[in-house]
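Asks: One structure is given below, represented as structure tokens, and several questions about it will come after.
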Amino acid sequence: MTMEEITIHEFDFALINEFFTELERQGPGSPEETIRALGFIGNLSNKTKIADLGCGTGVQTMVLAQNTEATITALDLYAGSIDKLNTTAGKLGLQNRVKGIVGSMDNLPFQNDEFDLIWSEGAIANIGFEKGLNHWKGFLKKDGYIAVTYESWFTDERPAEIEKWWMDAVPEIGTIGYNISIMQKTGYIPVAVFTLPENCWIDNYFIPQKARQEEFLKKHAGNKTVEDMIAFMRREADLYSKYKQYYGYVFYIGKKI
């Protein structure tokens, strides 16, 4: 298998998490865009219950907590990320409203109609956009909201190199219009849709990785898997620089019908 054919999912889960847990963000985004998306959610109060799914170490979880009075349950598959999230919540004095738990996004340990808002930044592709919207809807109260970021095409046509890269990584990837139709099909009224700006990728995701990559290569010197993983990450950044006009993350916000 060549580097062009490898996806991030080919690498060891523990290594991926070891790398990213030391970074503030595990995917593109920013506090400003989280707050912008939050502005489209109605009826927020101290009775609001939020689930943040695929939360990573919780940078966006803390933004949600600091900009609402809601109670937040944050879920991630990796225990190391949840430990870091709960430690951060304690340091910020948010531990009474924010709780991180270990769990899977496609087998949620919640009650039906439990949440007013389900949030997920950069994670829904791990189980599929349509599958995630369908599965998570059952945990939303009547008139509850969903807000997710998801990799999307900005154009109907794009160069073969970047199309293959994303079709390998996220086989379901579609255009913004197509994804809105999926949101409607799965039982949501689209409330707002907007693209994340370039700084969410370059300044907040790719640049912070550079020093961590060098450190990781030294720590795991001679480990071919680590060398391939870092090469993959560097290729991802190069491809974004080359083809960013064709794709990016998009915030999709919907209301349960």
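So you can find residues: chains in the structure tokens are A, B, ... in the order shown, residues in each start at 1, and ligands are numbered from 1 in order.
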Skipping near chain neighbours, those fewer than 5 positions away, what residues fall within 7 Å of range 133-145 of chain A using only C-alpha atoms, listed as a list of chain:residue names?
Replies: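 Once the nearby chain positions are removed, what remains is A:Ile41, A:Phe110, A:Gln111, A:Asn112, A:Asp113, A:Glu114, A:Phe115, A:Asp116, A:Leu117, A:Ile118, A:Thr186, A:Gly254, A:Lys255, A:Lys256, A:Ile257.
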Asks: So how far away is CA of Tyr205 in chain A from CA of Arg25 in chain A, in Å?
Replies: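 Pair CA of Arg25 in chain A / CA of Tyr205 in chain A returns 6.6 Å.
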Asks: One decimal, Å: what's the distance from CA of Lys99 in chain A over to CA of Glu121 in chain A, could you say?
Replies: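 Between these atoms lies a distance of 17.3 Å.
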Asks: Neighbouring residues of range 172-174 of chain A were defined as those with any atom within 8 Å, considering only C-alpha atoms; residues of the same chain fewer than 5 positions away were excluded. Please report them as a list in words.
Replies: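 Everything that qualifies: Gly128, Phe129, Glu151, Ser152, Trp153, Trp166, Met167 and Asn179 of chain A.
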Asks: Take the residues from that selection and put them in a file with C-alpha atoms, as a short mmCIF file (atom, residue, chain, number, x, y, z; two decimals), in the first residue's frame.
Replies:
```cif
data_model
loop_
_atom_site.label_atom_id
_atom_site.label_comp_id
_atom_site.auth_asym_id
_atom_site.auth_seq_id
_atom_site.Cartn_x
_atom_site.Cartn_y
_atom_site.Cartn_z
CA GLY A 128 -21.11 8.33 8.81
CA PHE A 129 -23.06 11.56 8.38
CA GLU A 151 -16.01 17.44 5.61
CA SER A 152 -17.78 18.68 2.47
CA TRP A 153 -17.13 19.49 -1.16
CA TRP A 166 -11.22 12.26 0.46
CA MET A 167 -13.18 9.38 -1.06
CA ASN A 179 -25.62 17.10 2.92
#
```
Asks: Any idea what's packed within 12 Å of Glu32 in chain A, counting only C-alpha atoms, ignoring anything in its chain fewer than 3 positions away? Could you give it as a VMD selection string?
Replies: chain A and resid 29 35 to 39 59 to 60 63 to 64 67 196 to 197 199 to 200 204
Asks: Restricting the calculation to only C-alpha atoms: of A:Ile101, A:Ile162, A:Cys55, A:Ala70, which residue gets closest to Gln26 in chain A?
Replies: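 Smallest separation from Gln26 in chain A among the options: A:Cys55.
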Asks: Using only C-alpha atoms, which of the listed residues (A:Arg158, A:Leu15, A:Thr88, A:Thr68) sits closest to Asn223 in chain A?
Replies: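 Nearest to Asn223 in chain A: A:Leu15.
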Asks: Enumerate, as JSON, numbers by chain, the complete set of residues in range 191-249 of chain A that a backbone-based DSSP assignment places in strand (DSSP E).
Replies: {"A": [191, 192, 193, 194, 195, 247, 248, 249]}
Asks: Running DSSP on the backbone, which parts of range 17-53 of chain A land in helix (DSSP H, G or I), as an NGL selection string?
Replies: :A and (17-21 or 31-38)
Asks: With C-alpha atoms retained, could you export that selection as a CSV table (one decimal), in the first residue's frame?
Replies:
```csv
chain,number,residue,atom,x,y,z
A,17,ASN,CA,-4.5,9.4,20.2
A,18,GLU,CA,-1.1,9.7,21.8
A,19,PHE,CA,-0.1,12.2,19.2
A,20,PHE,CA,-3.3,14.3,19.3
A,21,THR,CA,-4.0,14.3,23.0
A,31,PRO,CA,-13.7,29.1,19.6
A,32,GLU,CA,-15.1,31.9,17.3
A,33,GLU,CA,-16.8,29.4,15.0
A,34,THR,CA,-18.1,27.3,17.9
A,35,ILE,CA,-19.7,30.5,19.4
A,36,ARG,CA,-21.0,31.5,16.0
A,37,ALA,CA,-22.8,28.1,15.7
A,38,LEU,CA,-24.1,28.4,19.2
```
